[in-house]
Structures are given as structure tokens and as C-alpha cells.
Amino acid sequence: MRRDVDINEISDGRRYKSSDMVKVGCSDCRGCSECCRQVDDTIILDPYDIWQFKKGLNLTFDEMLAENTEPVIELGLADGLLLPHLKINTTAGACSFLGSDGRCTIHAFRPGFCRLYPLGRIYENGGFSYFIQINECPYQGKTKVKIKKWLGINDLPSYEAFVLKWHDILEEKRNGLTAITDQSERSRYIVDFLKRFYQDPYDEARPFYEQFNERV
Ligand code: SF4
Ligand code: SF4
């Protein structure tokens, strides 16, 4: 999601790469689940998250959205495009995946945004860097950890290449949308995009990046 903020106000002003050490370690959160309670509609999912969910939850995209069971994701407009995000369990007032013990029930395949927090990504000069969101996570006494370890993602180079590609695709699609004035054509454009990258089922047995590139 685009954020129209001054990077110097929300960060320490530094850019980091995945091999850098950053002070974000929070001792396994120690019973704190604050950031899982304030997710609202902000944890937007990308196709890699959906592929992971398919493997971990054995649910298709439509099943995750299903109204007749307990939906775990929902759709929302994000900078003009219709994208899925984690759904709040309104009774618990927290992410649907937060367990009663205050722990994430899908830790092994949690979304990319959850892995990143409280880091952020800034895209510039055809690439991206990580930065520390200094106003997030109130835990005191943070320890240093390597970003690569913090993210805990297999084959990080491929994942980072995907993240950059996905960012570019979103930009391209958003720019394309601004040129379309006919309402029904805009709706078709948005729905086609959702279908291609999210709704058409991923095969959890096949490598993700291969399937993503086919869709690109
Ligand atoms: S706010 Fe910080 S300490 Fe609390 S759950 Fe989130 S990352 Fe962990
Ligand atoms: S998926 Fe897990 S880590 Fe992410 S907001 Fe939900 S409970 Fe928290």
C-alpha cells in the first residue's frame, strides 16, 4: 500500500539490505500481541501469501473469502485495485489468526507484512531497501537481528525479486486504471487482475515463482 509520509519522520533515516543487522528483536514478543490487534484492513496479501495459505490451510482463495464459514480474508480497495487483506475477527477484536493464547496460529506461513513488521520497505531507483519504522512496536530493549533471519523466508533472493516485480506490477496496473474512464471497463479490469493473480487457484505442489511468472 502506498503511504504518503516523510520517510525521515517514521524511520531512523537509514536504508538497510537483508544482510544488515537491525534493532527489531523483541524476545519472541513475550505475550504481547498488540500489532495483531490493530491490523484493521492493513495487512494486504500478495500472491505469495495466498500460495502459502493454500499450502498451510488447504483452502482456495474463494474458500478463504467464503461468507458461509468463517472468512479469514476479505477484499478491499487499495489505491484503486481490489486486493485481499487479513480479516479482523470482530468478536475478538484481532486478526482472525490470533490464538486465544495471544500467539499467531499460522506462524510458519504468516503473511509477508507480518514477517516484515516493524520494518518497512521503500522503493526507489528501481529497487527497494528496508527501513525501521521507529514509531511501531513499543517493546523496550530491542535486540539486533539480521533482516534475513527476521524475515525467515526460504530462498530470499527469489522472494525479493518477486516483491520488486509485484510492486512494479501494482504500479503498472494502477497507472493503467487511471486511463480508463468507462465504469464497466474499470470494473472488468479490476476483477480480471484479481482473478489472474489471486483467484485462479495456485498449485501448492508446484514452486510459487514458476506459477507467478506464468501469470505475469
Ligand atoms: S508490538 Fe512488537 S512486541 Fe508486541 S507483538 Fe508486535 S512485534 Fe511483538
Ligand atoms: S497472521 Fe499472525 S502475525 Fe499476522 S496479524 Fe495475524 S496473528 Fe498476527
# chains A, B, ... in the order shown; residues from 1 in each chain; ligands from 1
>>> closest_atom_pairs(of="chain A", to="ligand 2", cutoff="9 Å", atoms="only C-alpha atoms and all ligand atoms", output="tab-separated table")
residue	atom	partner	partner_atom_place_in_ligand_line	distance
A:Ser33	CA	ligand 2	8 (Fe)	7.1
A:Glu34	CA	ligand 2	8 (Fe)	8.7
A:Cys35	CA	ligand 2	5 (S)	6.7
A:Cys36	CA	ligand 2	8 (Fe)	4.0
A:Arg37	CA	ligand 2	5 (S)	7.2
A:Gln38	CA	ligand 2	5 (S)	8.2
A:Val39	CA	ligand 2	5 (S)	6.3
A:Ile43	CA	ligand 2	5 (S)	7.3
A:Leu86	CA	ligand 2	6 (Fe)	7.2
A:Lys87	CA	ligand 2	6 (Fe)	8.7
A:Ile88	CA	ligand 2	6 (Fe)	8.7
A:Ala94	CA	ligand 2	7 (S)	7.7
A:Cys95	CA	ligand 2	6 (Fe)	4.6
A:Ser96	CA	ligand 2	6 (Fe)	6.3
A:Phe97	CA	ligand 2	7 (S)	4.5
A:Leu98	CA	ligand 2	7 (S)	3.8
A:Gly99	CA	ligand 2	7 (S)	7.2
A:Gly102	CA	ligand 2	7 (S)	8.0
A:Arg103	CA	ligand 2	7 (S)	6.6
A:Cys104	CA	ligand 2	7 (S)	4.0
A:Thr105	CA	ligand 2	2 (Fe)	6.3
A:Ile106	CA	ligand 2	2 (Fe)	5.8
A:His107	CA	ligand 2	2 (Fe)	5.9
A:Phe109	CA	ligand 2	1 (S)	8.3
A:Arg110	CA	ligand 2	1 (S)	5.0
A:Pro111	CA	ligand 2	1 (S)	6.1
A:Gly112	CA	ligand 2	4 (Fe)	8.6
A:Phe113	CA	ligand 2	4 (Fe)	7.4
A:Cys114	CA	ligand 2	4 (Fe)	4.6
A:Arg115	CA	ligand 2	3 (S)	7.3
>>> residues_near_ligand(ligand="ligand 1", cutoff="8 Å", atoms="only C-alpha atoms and all ligand atoms", output="ChimeraX atom specification")
/A:26-36,117-118,136-139
>>> write_last_selection(atoms="C-alpha atoms", output="mmCIF file, in the first residue's frame")
data_model
loop_
_atom_site.group_PDB
_atom_site.id
_atom_site.type_symbol
_atom_site.label_atom_id
_atom_site.label_comp_id
_atom_site.auth_asym_id
_atom_site.auth_seq_id
_atom_site.Cartn_x
_atom_site.Cartn_y
_atom_site.Cartn_z
ATOM 1 C CA CYS A 26 11.534 -8.327 20.675
ATOM 2 C CA SER A 27 12.268 -11.557 22.585
ATOM 3 C CA ASP A 28 9.584 -13.566 20.817
ATOM 4 C CA CYS A 29 7.034 -10.857 21.758
ATOM 5 C CA ARG A 30 6.676 -12.295 25.300
ATOM 6 C CA GLY A 31 2.869 -12.422 25.389
ATOM 7 C CA CYS A 32 2.409 -9.108 23.584
ATOM 8 C CA SER A 33 0.085 -9.309 20.593
ATOM 9 C CA GLU A 34 -0.501 -5.612 20.163
ATOM 10 C CA CYS A 35 0.291 -5.435 16.472
ATOM 11 C CA CYS A 36 -2.060 -8.376 15.717
ATOM 12 C CA TYR A 117 6.909 -5.700 10.921
ATOM 13 C CA PRO A 118 8.178 -3.371 12.345
ATOM 14 C CA GLU A 136 5.857 0.941 15.650
ATOM 15 C CA CYS A 137 6.292 -1.857 18.224
ATOM 16 C CA PRO A 138 6.578 -0.301 21.678
ATOM 17 C CA TYR A 139 8.748 -3.159 23.038
#
>>> atom_distance(atom1="atom CA of A:Tyr130", atom2="atom CA of A:Asp20")
9.5 Å
>>> closest_atom_pairs(of="stretch 110-189 of chain A", to="stretch 11-16 of chain A", cutoff="9 Å", atoms="only C-alpha atoms", output="CSV")
residue,atom,partner,partner_atom,distance
A:Arg121,CA,A:Arg15,CA,8.9
A:Ile122,CA,A:Arg15,CA,8.2
A:Ser129,CA,A:Tyr16,CA,5.6
A:Tyr130,CA,A:Tyr16,CA,4.9
A:Phe131,CA,A:Arg15,CA,5.2
A:Ile132,CA,A:Ser11,CA,5.4
A:Gln133,CA,A:Ser11,CA,4.9
A:Ile134,CA,A:Ser11,CA,5.1
A:Asn135,CA,A:Ser11,CA,7.7
A:Ile147,CA,A:Tyr16,CA,8.4
>>> select_by_dssp(residues="stretch 40-135 of chain A", states="strand (DSSP E or B)", output="VMD selection string")
chain A and resid 44 73 to 78 81 to 86 88 to 89 94 to 95 98 104 119 to 124 127 to 132
>>> decode(residues="stretch 10-149 of chain A", atoms="C-alpha atoms", output="PDB file, in the first residue's frame")
ATOM      1  CA  ILE A  10       8.843   7.382  10.518  1.00  0.00           C
ATOM      2  CA  SER A  11      12.359   5.933  10.332  1.00  0.00           C
ATOM      3  CA  ASP A  12      15.883   6.463  11.617  1.00  0.00           C
ATOM      4  CA  GLY A  13      16.714   7.797   8.162  1.00  0.00           C
ATOM      5  CA  ARG A  14      18.732   4.738   7.191  1.00  0.00           C
ATOM      6  CA  ARG A  15      18.184   2.161   4.462  1.00  0.00           C
ATOM      7  CA  TYR A  16      19.096  -1.469   5.040  1.00  0.00           C
ATOM      8  CA  LYS A  17      19.580  -4.614   2.979  1.00  0.00           C
ATOM      9  CA  SER A  18      18.721  -8.142   4.049  1.00  0.00           C
ATOM     10  CA  SER A  19      22.273  -8.905   5.174  1.00  0.00           C
ATOM     11  CA  ASP A  20      22.226  -5.970   7.644  1.00  0.00           C
ATOM     12  CA  MET A  21      21.627  -6.180  11.372  1.00  0.00           C
ATOM     13  CA  VAL A  22      18.742  -4.078  12.715  1.00  0.00           C
ATOM     14  CA  LYS A  23      17.456  -3.448  16.212  1.00  0.00           C
ATOM     15  CA  VAL A  24      13.988  -5.014  15.996  1.00  0.00           C
ATOM     16  CA  GLY A  25      14.302  -8.224  18.064  1.00  0.00           C
ATOM     17  CA  CYS A  26      11.534  -8.327  20.675  1.00  0.00           C
ATOM     18  CA  SER A  27      12.268 -11.557  22.585  1.00  0.00           C
ATOM     19  CA  ASP A  28       9.584 -13.566  20.817  1.00  0.00           C
ATOM     20  CA  CYS A  29       7.034 -10.857  21.758  1.00  0.00           C
ATOM     21  CA  ARG A  30       6.676 -12.295  25.300  1.00  0.00           C
ATOM     22  CA  GLY A  31       2.869 -12.422  25.389  1.00  0.00           C
ATOM     23  CA  CYS A  32       2.409  -9.108  23.584  1.00  0.00           C
ATOM     24  CA  SER A  33       0.085  -9.309  20.593  1.00  0.00           C
ATOM     25  CA  GLU A  34      -0.501  -5.612  20.163  1.00  0.00           C
ATOM     26  CA  CYS A  35       0.291  -5.435  16.472  1.00  0.00           C
ATOM     27  CA  CYS A  36      -2.060  -8.376  15.717  1.00  0.00           C
ATOM     28  CA  ARG A  37      -4.913  -6.456  17.352  1.00  0.00           C
ATOM     29  CA  GLN A  38      -4.536  -3.293  15.359  1.00  0.00           C
ATOM     30  CA  VAL A  39      -4.412  -4.755  11.876  1.00  0.00           C
ATOM     31  CA  ASP A  40      -7.750  -3.335  10.669  1.00  0.00           C
ATOM     32  CA  ASP A  41      -7.529  -3.740   6.871  1.00  0.00           C
ATOM     33  CA  THR A  42      -3.811  -3.003   6.607  1.00  0.00           C
ATOM     34  CA  ILE A  43      -2.329  -6.468   6.131  1.00  0.00           C
ATOM     35  CA  ILE A  44      -2.693  -6.716   2.404  1.00  0.00           C
ATOM     36  CA  LEU A  45      -1.858 -10.103   0.960  1.00  0.00           C
ATOM     37  CA  ASP A  46       0.212 -10.764  -2.119  1.00  0.00           C
ATOM     38  CA  PRO A  47       0.100 -13.843  -4.366  1.00  0.00           C
ATOM     39  CA  TYR A  48       2.942 -15.484  -2.395  1.00  0.00           C
ATOM     40  CA  ASP A  49       0.855 -15.194   0.778  1.00  0.00           C
ATOM     41  CA  ILE A  50      -2.094 -16.797  -0.995  1.00  0.00           C
ATOM     42  CA  TRP A  51       0.059 -19.670  -2.268  1.00  0.00           C
ATOM     43  CA  GLN A  52       1.373 -20.177   1.276  1.00  0.00           C
ATOM     44  CA  PHE A  53      -2.156 -20.131   2.691  1.00  0.00           C
ATOM     45  CA  LYS A  54      -3.209 -22.713   0.103  1.00  0.00           C
ATOM     46  CA  LYS A  55      -0.457 -24.993   1.371  1.00  0.00           C
ATOM     47  CA  GLY A  56      -0.899 -24.273   5.057  1.00  0.00           C
ATOM     48  CA  LEU A  57      -4.688 -24.010   5.336  1.00  0.00           C
ATOM     49  CA  ASN A  58      -5.622 -26.149   2.341  1.00  0.00           C
ATOM     50  CA  LEU A  59      -8.158 -23.503   1.320  1.00  0.00           C
ATOM     51  CA  THR A  60      -8.656 -21.935  -2.071  1.00  0.00           C
ATOM     52  CA  PHE A  61      -8.891 -18.175  -2.369  1.00  0.00           C
ATOM     53  CA  ASP A  62     -12.698 -18.375  -2.691  1.00  0.00           C
ATOM     54  CA  GLU A  63     -12.917 -20.616   0.369  1.00  0.00           C
ATOM     55  CA  MET A  64     -10.872 -18.126   2.390  1.00  0.00           C
ATOM     56  CA  LEU A  65     -13.382 -15.456   1.406  1.00  0.00           C
ATOM     57  CA  ALA A  66     -16.450 -17.659   1.950  1.00  0.00           C
ATOM     58  CA  GLU A  67     -19.238 -15.942   3.800  1.00  0.00           C
ATOM     59  CA  ASN A  68     -20.917 -19.156   4.947  1.00  0.00           C
ATOM     60  CA  THR A  69     -17.959 -20.317   7.023  1.00  0.00           C
ATOM     61  CA  GLU A  70     -15.676 -18.003   8.981  1.00  0.00           C
ATOM     62  CA  PRO A  71     -13.849 -15.871   6.391  1.00  0.00           C
ATOM     63  CA  VAL A  72     -10.191 -15.315   7.149  1.00  0.00           C
ATOM     64  CA  ILE A  73      -9.619 -12.726   4.432  1.00  0.00           C
ATOM     65  CA  GLU A  74     -11.716 -10.059   2.779  1.00  0.00           C
ATOM     66  CA  LEU A  75     -11.427  -7.751  -0.189  1.00  0.00           C
ATOM     67  CA  GLY A  76     -10.851  -4.027  -0.092  1.00  0.00           C
ATOM     68  CA  LEU A  77      -9.853  -1.238  -2.431  1.00  0.00           C
ATOM     69  CA  ALA A  78      -6.199  -0.333  -2.066  1.00  0.00           C
ATOM     70  CA  ASP A  79      -5.107   2.599  -4.226  1.00  0.00           C
ATOM     71  CA  GLY A  80      -7.784   1.727  -6.776  1.00  0.00           C
ATOM     72  CA  LEU A  81      -7.232  -2.033  -7.035  1.00  0.00           C
ATOM     73  CA  LEU A  82      -9.276  -4.720  -5.319  1.00  0.00           C
ATOM     74  CA  LEU A  83      -6.873  -6.665  -3.103  1.00  0.00           C
ATOM     75  CA  PRO A  84      -7.312  -9.180  -0.270  1.00  0.00           C
ATOM     76  CA  HIS A  85      -6.322  -8.430   3.300  1.00  0.00           C
ATOM     77  CA  LEU A  86      -6.460 -10.328   6.581  1.00  0.00           C
ATOM     78  CA  LYS A  87      -9.860 -10.174   8.211  1.00  0.00           C
ATOM     79  CA  ILE A  88     -10.453  -8.950  11.725  1.00  0.00           C
ATOM     80  CA  ASN A  89     -12.408 -11.281  13.985  1.00  0.00           C
ATOM     81  CA  THR A  90     -14.797  -8.662  15.317  1.00  0.00           C
ATOM     82  CA  THR A  91     -15.663 -10.655  18.443  1.00  0.00           C
ATOM     83  CA  ALA A  92     -12.020 -10.956  19.468  1.00  0.00           C
ATOM     84  CA  GLY A  93     -11.043  -7.555  18.058  1.00  0.00           C
ATOM     85  CA  ALA A  94      -7.933  -9.028  16.475  1.00  0.00           C
ATOM     86  CA  CYS A  95      -6.658 -10.780  13.383  1.00  0.00           C
ATOM     87  CA  SER A  96      -8.610 -13.995  12.674  1.00  0.00           C
ATOM     88  CA  PHE A  97      -5.408 -15.984  13.122  1.00  0.00           C
ATOM     89  CA  LEU A  98      -4.548 -14.738  16.595  1.00  0.00           C
ATOM     90  CA  GLY A  99      -4.984 -17.603  19.051  1.00  0.00           C
ATOM     91  CA  SER A 100      -6.573 -17.261  22.490  1.00  0.00           C
ATOM     92  CA  ASP A 101      -3.069 -17.559  23.967  1.00  0.00           C
ATOM     93  CA  GLY A 102      -2.043 -14.390  22.118  1.00  0.00           C
ATOM     94  CA  ARG A 103       0.129 -16.294  19.629  1.00  0.00           C
ATOM     95  CA  CYS A 104      -0.143 -16.444  15.849  1.00  0.00           C
ATOM     96  CA  THR A 105      -1.730 -19.749  14.836  1.00  0.00           C
ATOM     97  CA  ILE A 106      -0.157 -19.616  11.380  1.00  0.00           C
ATOM     98  CA  HIS A 107       3.308 -18.505  12.388  1.00  0.00           C
ATOM     99  CA  ALA A 108       5.055 -20.871   9.951  1.00  0.00           C
ATOM    100  CA  PHE A 109       3.225 -19.413   6.951  1.00  0.00           C
ATOM    101  CA  ARG A 110       2.235 -15.943   8.195  1.00  0.00           C
ATOM    102  CA  PRO A 111       1.964 -13.212   5.554  1.00  0.00           C
ATOM    103  CA  GLY A 112       4.902 -11.175   4.339  1.00  0.00           C
ATOM    104  CA  PHE A 113       3.703  -7.998   6.091  1.00  0.00           C
ATOM    105  CA  CYS A 114       3.663  -9.816   9.443  1.00  0.00           C
ATOM    106  CA  ARG A 115       7.187 -11.113   8.854  1.00  0.00           C
ATOM    107  CA  LEU A 116       8.392  -7.646   7.990  1.00  0.00           C
ATOM    108  CA  TYR A 117       6.909  -5.700  10.921  1.00  0.00           C
ATOM    109  CA  PRO A 118       8.178  -3.371  12.345  1.00  0.00           C
ATOM    110  CA  LEU A 119      10.347  -2.988   9.261  1.00  0.00           C
ATOM    111  CA  GLY A 120       9.049  -1.349   6.135  1.00  0.00           C
ATOM    112  CA  ARG A 121      10.176  -1.256   2.513  1.00  0.00           C
ATOM    113  CA  ILE A 122      10.963   1.826   0.487  1.00  0.00           C
ATOM    114  CA  TYR A 123      11.071   1.560  -3.298  1.00  0.00           C
ATOM    115  CA  GLU A 124      13.455   3.874  -5.112  1.00  0.00           C
ATOM    116  CA  ASN A 125      15.921   3.834  -8.014  1.00  0.00           C
ATOM    117  CA  GLY A 126      14.455   0.649  -9.481  1.00  0.00           C
ATOM    118  CA  GLY A 127      14.943  -1.375  -6.304  1.00  0.00           C
ATOM    119  CA  PHE A 128      13.938  -1.386  -2.669  1.00  0.00           C
ATOM    120  CA  SER A 129      15.517  -1.116   0.775  1.00  0.00           C
ATOM    121  CA  TYR A 130      14.311  -1.982   4.217  1.00  0.00           C
ATOM    122  CA  PHE A 131      13.850   0.628   6.921  1.00  0.00           C
ATOM    123  CA  ILE A 132      12.911   0.573  10.605  1.00  0.00           C
ATOM    124  CA  GLN A 133       9.526   2.059  11.446  1.00  0.00           C
ATOM    125  CA  ILE A 134      10.557   3.775  14.637  1.00  0.00           C
ATOM    126  CA  ASN A 135       7.005   4.575  15.766  1.00  0.00           C
ATOM    127  CA  GLU A 136       5.857   0.941  15.650  1.00  0.00           C
ATOM    128  CA  CYS A 137       6.292  -1.857  18.224  1.00  0.00           C
ATOM    129  CA  PRO A 138       6.578  -0.301  21.678  1.00  0.00           C
ATOM    130  CA  TYR A 139       8.748  -3.159  23.038  1.00  0.00           C
ATOM    131  CA  GLN A 140      11.650  -1.786  25.053  1.00  0.00           C
ATOM    132  CA  GLY A 141      15.115  -3.284  24.935  1.00  0.00           C
ATOM    133  CA  LYS A 142      15.078  -4.461  21.350  1.00  0.00           C
ATOM    134  CA  THR A 143      17.982  -6.612  20.244  1.00  0.00           C
ATOM    135  CA  LYS A 144      19.883  -6.718  16.971  1.00  0.00           C
ATOM    136  CA  VAL A 145      18.921  -9.300  14.396  1.00  0.00           C
ATOM    137  CA  LYS A 146      19.849  -9.845  10.771  1.00  0.00           C
ATOM    138  CA  ILE A 147      16.973  -8.892   8.467  1.00  0.00           C
ATOM    139  CA  LYS A 148      17.325 -12.154   6.567  1.00  0.00           C
ATOM    140  CA  LYS A 149      16.754 -14.079   9.794  1.00  0.00           C
TER     141      LYS A 149
END
